[in-house]
Amino acid sequence: MALAVLSVLVAARLELLRKVAPVLGEASNCAPPGVGMSDMKGAWMMLPFFLMGVAEIYTQPTLLHYAYSKSPPSMRTLAMAASFFIAAVSSALFALLVSELGPYMPNDLNQGHLEYGYYINIALGGLFLVLFLAVLPREPKP
């Protein structure tokens, strides 16, 4: 969880740095006409992607093992399917979040607040962690 939070904080910080970077005289090829590019290399985004990838490497196998080991043998396939379904639901929640934050993410990102989305993601992750920790003590000990 700490690596995931660090990843999102780094992405938010990079977004704030990108917003204060000077805008180049060239128009962006991936934005509507008239929107300029910031003078910041896109390669900087490799750092938060790398951190999130490492966080996924630690998280997903652990969650899958937990679900598999706590399920009776006849329900293990269903437990794995439910785990992947929950991952899909989290992607759908992120898509919903992006659509709700539309007013803060205009086509010209220098006029918006993309960092709000990053902070909301951290808050949601913290909320779900608290809920998981609240349910965990009810788990019977082997």
# chains A, B, ... in the order shown; residues from 1 in each chain; ligands from 1
>>> residues_around(residues="Gly53 (chain A)", least_positions_apart="2", cutoff="12 Å", atoms="only C-alpha atoms", output="list in words")
Met1, Leu3, Ala4, Leu6, Ser7, Val8, Met46, Leu47, Pro48, Phe49, Phe50, Leu51, Ala55, Glu56, Ile57, Tyr58, Thr59 and Gln60 of chain A
>>> write_last_selection(atoms="N, CA and C atoms", output="tab-separated table (two decimals), in the first residue's frame")
chain	number	residue	atom	x	y	z
A	1	MET	N	0.83	-1.19	0.00
A	1	MET	CA	0.00	0.00	0.00
A	1	MET	C	0.88	1.25	0.00
A	3	LEU	N	3.83	1.70	-1.32
A	3	LEU	CA	4.38	1.97	-2.66
A	3	LEU	C	3.32	2.56	-3.58
A	4	ALA	N	2.09	2.08	-3.46
A	4	ALA	CA	1.01	2.61	-4.29
A	4	ALA	C	0.75	4.08	-3.94
A	6	LEU	N	2.88	6.14	-2.55
A	6	LEU	CA	4.05	6.89	-3.02
A	6	LEU	C	3.96	7.15	-4.53
A	7	SER	N	3.53	6.14	-5.27
A	7	SER	CA	3.39	6.28	-6.71
A	7	SER	C	2.40	7.40	-7.06
A	8	VAL	N	1.28	7.41	-6.39
A	8	VAL	CA	0.26	8.43	-6.70
A	8	VAL	C	0.72	9.81	-6.23
A	46	MET	N	7.43	7.65	-16.11
A	46	MET	CA	7.88	6.28	-15.90
A	46	MET	C	8.07	6.00	-14.41
A	47	LEU	N	8.44	6.99	-13.63
A	47	LEU	CA	8.68	6.78	-12.20
A	47	LEU	C	7.41	6.35	-11.47
A	48	PRO	N	6.28	7.09	-11.57
A	48	PRO	CA	5.09	6.59	-10.87
A	48	PRO	C	4.56	5.28	-11.45
A	49	PHE	N	4.69	5.08	-12.76
A	49	PHE	CA	4.25	3.80	-13.34
A	49	PHE	C	5.10	2.65	-12.81
A	50	PHE	N	6.41	2.87	-12.69
A	50	PHE	CA	7.29	1.84	-12.14
A	50	PHE	C	6.91	1.52	-10.69
A	51	LEU	N	6.71	2.56	-9.88
A	51	LEU	CA	6.35	2.34	-8.48
A	51	LEU	C	5.02	1.60	-8.36
A	55	ALA	N	4.23	-2.07	-6.74
A	55	ALA	CA	3.16	-2.24	-5.75
A	55	ALA	C	2.20	-3.35	-6.19
A	56	GLU	N	1.88	-3.40	-7.47
A	56	GLU	CA	1.00	-4.46	-7.99
A	56	GLU	C	1.66	-5.83	-7.83
A	57	ILE	N	2.96	-5.90	-8.08
A	57	ILE	CA	3.67	-7.18	-7.95
A	57	ILE	C	3.57	-7.70	-6.52
A	58	TYR	N	3.63	-6.82	-5.54
A	58	TYR	CA	3.52	-7.25	-4.15
A	58	TYR	C	2.07	-7.52	-3.74
A	59	THR	N	1.13	-6.76	-4.28
A	59	THR	CA	-0.25	-6.83	-3.82
A	59	THR	C	-1.03	-7.98	-4.43
A	60	GLN	N	-1.04	-8.10	-5.74
A	60	GLN	CA	-1.91	-9.07	-6.39
A	60	GLN	C	-1.64	-10.52	-6.00
>>> select_by_dssp(residues="chain A", states="helix (DSSP H, G or I)", output="tab-separated table (two decimals) with N, CA, C and O atoms, in the first residue's frame")
chain	number	residue	atom	x	y	z
A	2	ALA	N	1.98	1.20	0.73
A	2	ALA	CA	2.86	2.37	0.81
A	2	ALA	C	3.45	2.72	-0.55
A	2	ALA	O	3.52	3.90	-0.91
A	3	LEU	N	3.83	1.70	-1.32
A	3	LEU	CA	4.38	1.97	-2.66
A	3	LEU	C	3.32	2.56	-3.58
A	3	LEU	O	3.62	3.44	-4.39
A	4	ALA	N	2.09	2.08	-3.46
A	4	ALA	CA	1.01	2.61	-4.29
A	4	ALA	C	0.75	4.08	-3.94
A	4	ALA	O	0.59	4.92	-4.83
A	5	VAL	N	0.72	4.38	-2.65
A	5	VAL	CA	0.50	5.78	-2.23
A	5	VAL	C	1.66	6.65	-2.70
A	5	VAL	O	1.46	7.76	-3.22
A	6	LEU	N	2.88	6.14	-2.55
A	6	LEU	CA	4.05	6.89	-3.02
A	6	LEU	C	3.96	7.15	-4.53
A	6	LEU	O	4.24	8.24	-5.00
A	7	SER	N	3.53	6.14	-5.27
A	7	SER	CA	3.39	6.28	-6.71
A	7	SER	C	2.40	7.40	-7.06
A	7	SER	O	2.68	8.24	-7.93
A	8	VAL	N	1.28	7.41	-6.39
A	8	VAL	CA	0.26	8.43	-6.70
A	8	VAL	C	0.72	9.81	-6.23
A	8	VAL	O	0.48	10.81	-6.92
A	9	LEU	N	1.41	9.88	-5.11
A	9	LEU	CA	1.94	11.18	-4.66
A	9	LEU	C	2.99	11.71	-5.63
A	9	LEU	O	3.03	12.91	-5.92
A	10	VAL	N	3.83	10.82	-6.17
A	10	VAL	CA	4.83	11.24	-7.16
A	10	VAL	C	4.13	11.74	-8.41
A	10	VAL	O	4.50	12.77	-8.98
A	11	ALA	N	3.08	11.03	-8.85
A	11	ALA	CA	2.33	11.46	-10.04
A	11	ALA	C	1.68	12.83	-9.81
A	11	ALA	O	1.69	13.69	-10.69
A	12	ALA	N	1.12	13.04	-8.61
A	12	ALA	CA	0.51	14.34	-8.31
A	12	ALA	C	1.56	15.44	-8.30
A	12	ALA	O	1.33	16.54	-8.82
A	13	ARG	N	2.71	15.16	-7.72
A	13	ARG	CA	3.80	16.15	-7.69
A	13	ARG	C	4.28	16.46	-9.10
A	13	ARG	O	4.52	17.63	-9.44
A	14	LEU	N	4.41	15.44	-9.93
A	14	LEU	CA	4.81	15.68	-11.33
A	14	LEU	C	3.77	16.53	-12.06
A	14	LEU	O	4.12	17.38	-12.88
A	15	GLU	N	2.50	16.30	-11.76
A	15	GLU	CA	1.45	17.11	-12.39
A	15	GLU	C	1.58	18.57	-11.97
A	15	GLU	O	1.45	19.48	-12.79
A	16	LEU	N	1.85	18.80	-10.70
A	16	LEU	CA	2.01	20.19	-10.23
A	16	LEU	C	3.24	20.83	-10.87
A	16	LEU	O	3.20	22.01	-11.24
A	17	LEU	N	4.32	20.06	-11.02
A	17	LEU	CA	5.52	20.59	-11.68
A	17	LEU	C	5.26	20.86	-13.16
A	17	LEU	O	5.75	21.83	-13.72
A	18	ARG	N	4.48	19.98	-13.80
A	18	ARG	CA	4.15	20.18	-15.21
A	18	ARG	C	3.33	21.45	-15.42
A	18	ARG	O	3.53	22.18	-16.39
A	19	LYS	N	2.44	21.74	-14.48
A	19	LYS	CA	1.60	22.93	-14.62
A	19	LYS	C	2.39	24.23	-14.53
A	19	LYS	O	2.01	25.22	-15.14
A	20	VAL	N	3.47	24.22	-13.76
A	20	VAL	CA	4.26	25.45	-13.63
A	20	VAL	C	5.39	25.52	-14.67
A	20	VAL	O	6.06	26.55	-14.77
A	42	GLY	N	7.78	13.68	-21.00
A	42	GLY	CA	6.82	12.67	-20.60
A	42	GLY	C	7.46	11.47	-19.93
A	42	GLY	O	6.80	10.71	-19.22
A	43	ALA	N	8.76	11.31	-20.13
A	43	ALA	CA	9.47	10.18	-19.53
A	43	ALA	C	9.43	10.22	-18.01
A	43	ALA	O	9.62	9.19	-17.36
A	44	TRP	N	9.17	11.39	-17.43
A	44	TRP	CA	9.08	11.47	-15.97
A	44	TRP	C	7.96	10.58	-15.43
A	44	TRP	O	8.01	10.14	-14.29
A	45	MET	N	6.94	10.31	-16.25
A	45	MET	CA	5.83	9.48	-15.79
A	45	MET	C	6.23	8.02	-15.63
A	45	MET	O	5.47	7.23	-15.07
A	46	MET	N	7.43	7.65	-16.11
A	46	MET	CA	7.88	6.28	-15.90
A	46	MET	C	8.07	6.00	-14.41
A	46	MET	O	7.87	4.86	-13.97
A	47	LEU	N	8.44	6.99	-13.63
A	47	LEU	CA	8.68	6.78	-12.20
A	47	LEU	C	7.41	6.35	-11.47
A	47	LEU	O	7.41	5.30	-10.81
A	48	PRO	N	6.28	7.09	-11.57
A	48	PRO	CA	5.09	6.59	-10.87
A	48	PRO	C	4.56	5.28	-11.45
A	48	PRO	O	4.04	4.44	-10.71
A	49	PHE	N	4.69	5.08	-12.76
A	49	PHE	CA	4.25	3.80	-13.34
A	49	PHE	C	5.10	2.65	-12.81
A	49	PHE	O	4.59	1.57	-12.52
A	50	PHE	N	6.41	2.87	-12.69
A	50	PHE	CA	7.29	1.84	-12.14
A	50	PHE	C	6.91	1.52	-10.69
A	50	PHE	O	6.80	0.35	-10.30
A	51	LEU	N	6.71	2.56	-9.88
A	51	LEU	CA	6.35	2.34	-8.48
A	51	LEU	C	5.02	1.60	-8.36
A	51	LEU	O	4.86	0.70	-7.53
A	52	MET	N	4.05	1.96	-9.20
A	52	MET	CA	2.75	1.29	-9.14
A	52	MET	C	2.89	-0.16	-9.61
A	52	MET	O	2.24	-1.05	-9.06
A	53	GLY	N	3.74	-0.40	-10.59
A	53	GLY	CA	3.97	-1.76	-11.04
A	53	GLY	C	4.57	-2.62	-9.94
A	53	GLY	O	4.16	-3.77	-9.73
A	54	VAL	N	5.53	-2.08	-9.21
A	54	VAL	CA	6.12	-2.82	-8.09
A	54	VAL	C	5.06	-3.06	-7.01
A	54	VAL	O	4.98	-4.16	-6.44
A	55	ALA	N	4.23	-2.07	-6.74
A	55	ALA	CA	3.16	-2.24	-5.75
A	55	ALA	C	2.20	-3.35	-6.19
A	55	ALA	O	1.77	-4.16	-5.37
A	56	GLU	N	1.88	-3.40	-7.47
A	56	GLU	CA	1.00	-4.46	-7.99
A	56	GLU	C	1.66	-5.83	-7.83
A	56	GLU	O	0.99	-6.81	-7.52
A	57	ILE	N	2.96	-5.90	-8.08
A	57	ILE	CA	3.67	-7.18	-7.95
A	57	ILE	C	3.57	-7.70	-6.52
A	57	ILE	O	3.42	-8.90	-6.30
A	58	TYR	N	3.63	-6.82	-5.54
A	58	TYR	CA	3.52	-7.25	-4.15
A	58	TYR	C	2.07	-7.52	-3.74
A	58	TYR	O	1.80	-8.41	-2.94
A	59	THR	N	1.13	-6.76	-4.28
A	59	THR	CA	-0.25	-6.83	-3.82
A	59	THR	C	-1.03	-7.98	-4.43
A	59	THR	O	-1.66	-8.76	-3.71
A	60	GLN	N	-1.04	-8.10	-5.74
A	60	GLN	CA	-1.91	-9.07	-6.39
A	60	GLN	C	-1.64	-10.52	-6.00
A	60	GLN	O	-2.59	-11.24	-5.66
A	61	PRO	N	-0.40	-10.99	-6.03
A	61	PRO	CA	-0.19	-12.39	-5.60
A	61	PRO	C	-0.61	-12.63	-4.15
A	61	PRO	O	-1.14	-13.69	-3.83
A	62	THR	N	-0.41	-11.65	-3.30
A	62	THR	CA	-0.80	-11.79	-1.90
A	62	THR	C	-2.30	-11.91	-1.76
A	62	THR	O	-2.81	-12.78	-1.03
A	63	LEU	N	-3.03	-11.05	-2.46
A	63	LEU	CA	-4.50	-11.10	-2.39
A	63	LEU	C	-5.03	-12.40	-2.98
A	63	LEU	O	-5.96	-13.01	-2.43
A	64	LEU	N	-4.46	-12.84	-4.10
A	64	LEU	CA	-4.91	-14.09	-4.71
A	64	LEU	C	-4.61	-15.28	-3.79
A	64	LEU	O	-5.44	-16.18	-3.64
A	65	HIS	N	-3.44	-15.29	-3.18
A	65	HIS	CA	-3.11	-16.37	-2.25
A	65	HIS	C	-4.07	-16.37	-1.05
A	65	HIS	O	-4.54	-17.43	-0.61
A	66	TYR	N	-4.34	-15.21	-0.52
A	66	TYR	CA	-5.25	-15.09	0.63
A	66	TYR	C	-6.63	-15.63	0.26
A	66	TYR	O	-7.20	-16.43	1.00
A	67	ALA	N	-7.16	-15.20	-0.88
A	67	ALA	CA	-8.48	-15.67	-1.30
A	67	ALA	C	-8.47	-17.18	-1.55
A	67	ALA	O	-9.41	-17.89	-1.17
A	68	TYR	N	-7.43	-17.69	-2.17
A	68	TYR	CA	-7.34	-19.11	-2.50
A	68	TYR	C	-7.20	-19.95	-1.23
A	68	TYR	O	-7.85	-20.98	-1.08
A	69	SER	N	-6.35	-19.51	-0.32
A	69	SER	CA	-6.09	-20.32	0.87
A	69	SER	C	-7.26	-20.31	1.86
A	69	SER	O	-7.42	-21.26	2.63
A	70	LYS	N	-8.08	-19.29	1.84
A	70	LYS	CA	-9.20	-19.20	2.77
A	70	LYS	C	-10.48	-19.81	2.21
A	70	LYS	O	-11.48	-19.89	2.90
A	73	PRO	N	-12.02	-26.04	-0.99
A	73	PRO	CA	-11.58	-26.50	-2.32
A	73	PRO	C	-12.66	-26.38	-3.40
A	73	PRO	O	-12.34	-26.06	-4.55
A	74	SER	N	-13.91	-26.61	-3.06
A	74	SER	CA	-14.96	-26.54	-4.07
A	74	SER	C	-15.27	-25.11	-4.51
A	74	SER	O	-15.93	-24.92	-5.53
A	75	MET	N	-14.79	-24.12	-3.78
A	75	MET	CA	-15.12	-22.72	-4.08
A	75	MET	C	-13.91	-21.93	-4.58
A	75	MET	O	-14.02	-20.73	-4.82
A	76	ARG	N	-12.78	-22.57	-4.75
A	76	ARG	CA	-11.56	-21.84	-5.10
A	76	ARG	C	-11.65	-21.17	-6.47
A	76	ARG	O	-11.17	-20.06	-6.64
A	77	THR	N	-12.24	-21.84	-7.44
A	77	THR	CA	-12.38	-21.23	-8.76
A	77	THR	C	-13.27	-20.00	-8.67
A	77	THR	O	-12.97	-18.96	-9.26
A	78	LEU	N	-14.35	-20.10	-7.92
A	78	LEU	CA	-15.24	-18.95	-7.74
A	78	LEU	C	-14.53	-17.82	-7.01
A	78	LEU	O	-14.70	-16.64	-7.35
A	79	ALA	N	-13.70	-18.15	-6.04
A	79	ALA	CA	-12.95	-17.12	-5.31
A	79	ALA	C	-12.00	-16.39	-6.24
A	79	ALA	O	-11.88	-15.16	-6.17
A	80	MET	N	-11.33	-17.12	-7.12
A	80	MET	CA	-10.42	-16.48	-8.08
A	80	MET	C	-11.20	-15.60	-9.05
A	80	MET	O	-10.79	-14.48	-9.37
A	81	ALA	N	-12.34	-16.10	-9.53
A	81	ALA	CA	-13.17	-15.31	-10.44
A	81	ALA	C	-13.67	-14.04	-9.75
A	81	ALA	O	-13.69	-12.96	-10.35
A	82	ALA	N	-14.07	-14.18	-8.49
A	82	ALA	CA	-14.53	-13.00	-7.74
A	82	ALA	C	-13.40	-12.00	-7.56
A	82	ALA	O	-13.62	-10.79	-7.65
A	83	SER	N	-12.19	-12.48	-7.35
A	83	SER	CA	-11.04	-11.58	-7.20
A	83	SER	C	-10.81	-10.78	-8.48
A	83	SER	O	-10.60	-9.56	-8.43
A	84	PHE	N	-10.87	-11.46	-9.62
A	84	PHE	CA	-10.68	-10.74	-10.88
A	84	PHE	C	-11.86	-9.81	-11.18
A	84	PHE	O	-11.68	-8.73	-11.75
A	85	PHE	N	-13.07	-10.21	-10.77
A	85	PHE	CA	-14.23	-9.34	-10.95
A	85	PHE	C	-14.08	-8.06	-10.12
A	85	PHE	O	-14.38	-6.97	-10.59
A	86	ILE	N	-13.58	-8.21	-8.90
A	86	ILE	CA	-13.37	-7.04	-8.04
A	86	ILE	C	-12.33	-6.11	-8.67
A	86	ILE	O	-12.46	-4.88	-8.61
A	87	ALA	N	-11.30	-6.66	-9.29
A	87	ALA	CA	-10.31	-5.83	-9.98
A	87	ALA	C	-10.96	-5.07	-11.12
A	87	ALA	O	-10.66	-3.89	-11.35
A	88	ALA	N	-11.87	-5.72	-11.83
A	88	ALA	CA	-12.60	-5.04	-12.92
A	88	ALA	C	-13.49	-3.94	-12.38
A	88	ALA	O	-13.59	-2.85	-12.97
A	89	VAL	N	-14.13	-4.19	-11.24
A	89	VAL	CA	-14.98	-3.17	-10.63
A	89	VAL	C	-14.15	-1.96	-10.22
A	89	VAL	O	-14.58	-0.81	-10.37
A	90	SER	N	-12.93	-2.20	-9.74
A	90	SER	CA	-12.08	-1.06	-9.35
A	90	SER	C	-11.73	-0.22	-10.58
A	90	SER	O	-11.67	1.01	-10.49
A	91	SER	N	-11.53	-0.84	-11.71
A	91	SER	CA	-11.29	-0.09	-12.95
A	91	SER	C	-12.51	0.72	-13.33
A	91	SER	O	-12.41	1.86	-13.78
A	92	ALA	N	-13.69	0.12	-13.16
A	92	ALA	CA	-14.93	0.84	-13.47
A	92	ALA	C	-15.13	2.02	-12.52
A	92	ALA	O	-15.58	3.10	-12.94
A	93	LEU	N	-14.77	1.83	-11.25
A	93	LEU	CA	-14.86	2.95	-10.29
A	93	LEU	C	-13.93	4.08	-10.69
A	93	LEU	O	-14.27	5.26	-10.56
A	94	PHE	N	-12.74	3.73	-11.17
A	94	PHE	CA	-11.81	4.76	-11.62
A	94	PHE	C	-12.37	5.51	-12.83
A	94	PHE	O	-12.27	6.73	-12.91
A	95	ALA	N	-12.99	4.79	-13.76
A	95	ALA	CA	-13.62	5.44	-14.92
A	95	ALA	C	-14.73	6.38	-14.48
A	95	ALA	O	-14.89	7.49	-15.01
A	96	LEU	N	-15.51	5.96	-13.49
A	96	LEU	CA	-16.57	6.82	-12.94
A	96	LEU	C	-15.96	8.06	-12.29
A	96	LEU	O	-16.46	9.17	-12.48
A	97	LEU	N	-14.89	7.88	-11.56
A	97	LEU	CA	-14.21	9.01	-10.93
A	97	LEU	C	-13.72	10.00	-11.97
A	97	LEU	O	-13.90	11.22	-11.82
A	98	VAL	N	-13.13	9.49	-13.04
A	98	VAL	CA	-12.63	10.37	-14.11
A	98	VAL	C	-13.78	11.14	-14.73
A	98	VAL	O	-13.68	12.34	-14.99
A	99	SER	N	-14.92	10.49	-14.96
A	99	SER	CA	-16.05	11.20	-15.56
A	99	SER	C	-16.61	12.25	-14.61
A	99	SER	O	-17.04	13.32	-15.04
A	100	GLU	N	-16.61	11.97	-13.31
A	100	GLU	CA	-17.10	12.95	-12.33
A	100	GLU	C	-16.15	14.13	-12.17
A	100	GLU	O	-16.57	15.23	-11.82
A	102	GLY	N	-14.58	15.48	-14.57
A	102	GLY	CA	-14.51	16.13	-15.88
A	102	GLY	C	-14.35	17.64	-15.82
A	102	GLY	O	-13.54	18.22	-16.54
A	103	PRO	N	-15.11	18.34	-14.96
A	103	PRO	CA	-14.95	19.80	-14.90
A	103	PRO	C	-13.56	20.24	-14.45
A	103	PRO	O	-13.14	21.36	-14.73
A	104	TYR	N	-12.85	19.38	-13.73
A	104	TYR	CA	-11.52	19.73	-13.26
A	104	TYR	C	-10.42	19.29	-14.23
A	104	TYR	O	-9.25	19.53	-13.98
A	109	LEU	N	-4.94	20.98	-19.91
A	109	LEU	CA	-4.69	20.54	-18.54
A	109	LEU	C	-4.07	21.62	-17.67
A	109	LEU	O	-4.14	21.55	-16.45
A	110	ASN	N	-3.46	22.64	-18.28
A	110	ASN	CA	-2.91	23.74	-17.50
A	110	ASN	C	-4.01	24.56	-16.84
A	110	ASN	O	-3.74	25.29	-15.90
A	111	GLN	N	-5.22	24.45	-17.34
A	111	GLN	CA	-6.35	25.17	-16.76
A	111	GLN	C	-7.13	24.31	-15.75
A	111	GLN	O	-8.07	24.78	-15.15
A	115	GLU	N	-4.51	16.91	-10.41
A	115	GLU	CA	-3.99	16.41	-9.13
A	115	GLU	C	-5.11	16.05	-8.15
A	115	GLU	O	-4.92	15.20	-7.28
A	116	TYR	N	-6.30	16.65	-8.29
A	116	TYR	CA	-7.42	16.30	-7.42
A	116	TYR	C	-7.76	14.82	-7.55
A	116	TYR	O	-8.08	14.16	-6.57
A	117	GLY	N	-7.72	14.31	-8.77
A	117	GLY	CA	-7.99	12.89	-8.99
A	117	GLY	C	-7.00	12.00	-8.27
A	117	GLY	O	-7.36	10.97	-7.71
A	118	TYR	N	-5.73	12.41	-8.27
A	118	TYR	CA	-4.72	11.64	-7.56
A	118	TYR	C	-5.01	11.61	-6.06
A	118	TYR	O	-4.91	10.56	-5.41
A	119	TYR	N	-5.35	12.76	-5.50
A	119	TYR	CA	-5.61	12.83	-4.07
A	119	TYR	C	-6.86	12.03	-3.69
A	119	TYR	O	-6.90	11.38	-2.64
A	120	ILE	N	-7.88	12.06	-4.55
A	120	ILE	CA	-9.09	11.28	-4.28
A	120	ILE	C	-8.78	9.79	-4.33
A	120	ILE	O	-9.30	9.00	-3.53
A	121	ASN	N	-7.91	9.37	-5.25
A	121	ASN	CA	-7.51	7.96	-5.31
A	121	ASN	C	-6.84	7.52	-4.03
A	121	ASN	O	-7.07	6.41	-3.54
A	122	ILE	N	-5.98	8.36	-3.48
A	122	ILE	CA	-5.32	8.03	-2.21
A	122	ILE	C	-6.36	7.91	-1.10
A	122	ILE	O	-6.31	6.97	-0.29
A	123	ALA	N	-7.31	8.83	-1.06
A	123	ALA	CA	-8.34	8.79	-0.02
A	123	ALA	C	-9.20	7.53	-0.15
A	123	ALA	O	-9.51	6.88	0.86
A	124	LEU	N	-9.57	7.16	-1.38
A	124	LEU	CA	-10.36	5.94	-1.57
A	124	LEU	C	-9.57	4.70	-1.17
A	124	LEU	O	-10.12	3.78	-0.55
A	125	GLY	N	-8.31	4.65	-1.52
A	125	GLY	CA	-7.47	3.53	-1.12
A	125	GLY	C	-7.38	3.42	0.39
A	125	GLY	O	-7.45	2.32	0.96
A	126	GLY	N	-7.23	4.56	1.06
A	126	GLY	CA	-7.19	4.56	2.53
A	126	GLY	C	-8.51	4.09	3.13
A	126	GLY	O	-8.52	3.32	4.09
A	127	LEU	N	-9.62	4.52	2.54
A	127	LEU	CA	-10.93	4.09	3.02
A	127	LEU	C	-11.10	2.58	2.89
A	127	LEU	O	-11.51	1.90	3.83
A	128	PHE	N	-10.74	2.04	1.73
A	128	PHE	CA	-10.87	0.60	1.53
A	128	PHE	C	-9.90	-0.19	2.42
A	128	PHE	O	-10.22	-1.29	2.86
A	129	LEU	N	-8.74	0.37	2.71
A	129	LEU	CA	-7.81	-0.28	3.63
A	129	LEU	C	-8.41	-0.34	5.04
A	129	LEU	O	-8.34	-1.37	5.71
A	130	VAL	N	-9.01	0.76	5.47
A	130	VAL	CA	-9.64	0.78	6.80
A	130	VAL	C	-10.77	-0.25	6.86
A	130	VAL	O	-10.92	-0.99	7.84
A	131	LEU	N	-11.58	-0.32	5.78
A	131	LEU	CA	-12.67	-1.31	5.76
A	131	LEU	C	-12.11	-2.74	5.81
A	131	LEU	O	-12.65	-3.59	6.52
A	132	PHE	N	-11.06	-3.00	5.06
A	132	PHE	CA	-10.44	-4.33	5.08
A	132	PHE	C	-9.92	-4.66	6.47
A	132	PHE	O	-10.12	-5.77	6.98
A	133	LEU	N	-9.24	-3.71	7.10
A	133	LEU	CA	-8.69	-3.96	8.43
A	133	LEU	C	-9.80	-4.13	9.48
A	133	LEU	O	-9.60	-4.83	10.48
A	134	ALA	N	-10.95	-3.51	9.24
A	134	ALA	CA	-12.08	-3.68	10.16
A	134	ALA	C	-12.68	-5.08	10.05
A	134	ALA	O	-13.13	-5.65	11.03
A	135	VAL	N	-12.65	-5.65	8.86
A	135	VAL	CA	-13.22	-6.98	8.64
A	135	VAL	C	-12.22	-8.08	8.99
A	135	VAL	O	-12.60	-9.17	9.41
A	136	LEU	N	-10.95	-7.81	8.87
A	136	LEU	CA	-9.90	-8.82	9.06
A	136	LEU	C	-9.95	-9.51	10.42
A	136	LEU	O	-9.79	-10.74	10.49
A	137	PRO	N	-10.20	-8.81	11.56
A	137	PRO	CA	-10.20	-9.51	12.85
A	137	PRO	C	-11.31	-10.56	12.95
A	137	PRO	O	-11.24	-11.47	13.76
A	138	ARG	N	-12.34	-10.47	12.14
A	138	ARG	CA	-13.43	-11.45	12.17
A	138	ARG	C	-13.04	-12.76	11.48
A	138	ARG	O	-13.79	-13.73	11.58
>>> atom_distance(atom1="CA of Ala31 (chain A)", atom2="CA of Pro106 (chain A)")
10.3 Å
>>> select_by_dssp(residues="region 7-132 of chain A", states="strand (DSSP E or B)", output="list in words")
Val23, Leu24, Gly25, Glu26, Ala27, Gly36, Met37 and Ser38 of chain A
>>> closest_residue(among="A:Asp39, A:Pro33, A:Ala21, A:Pro72", to="Asn107 (chain A)", atoms="only C-alpha atoms")
A:Pro33
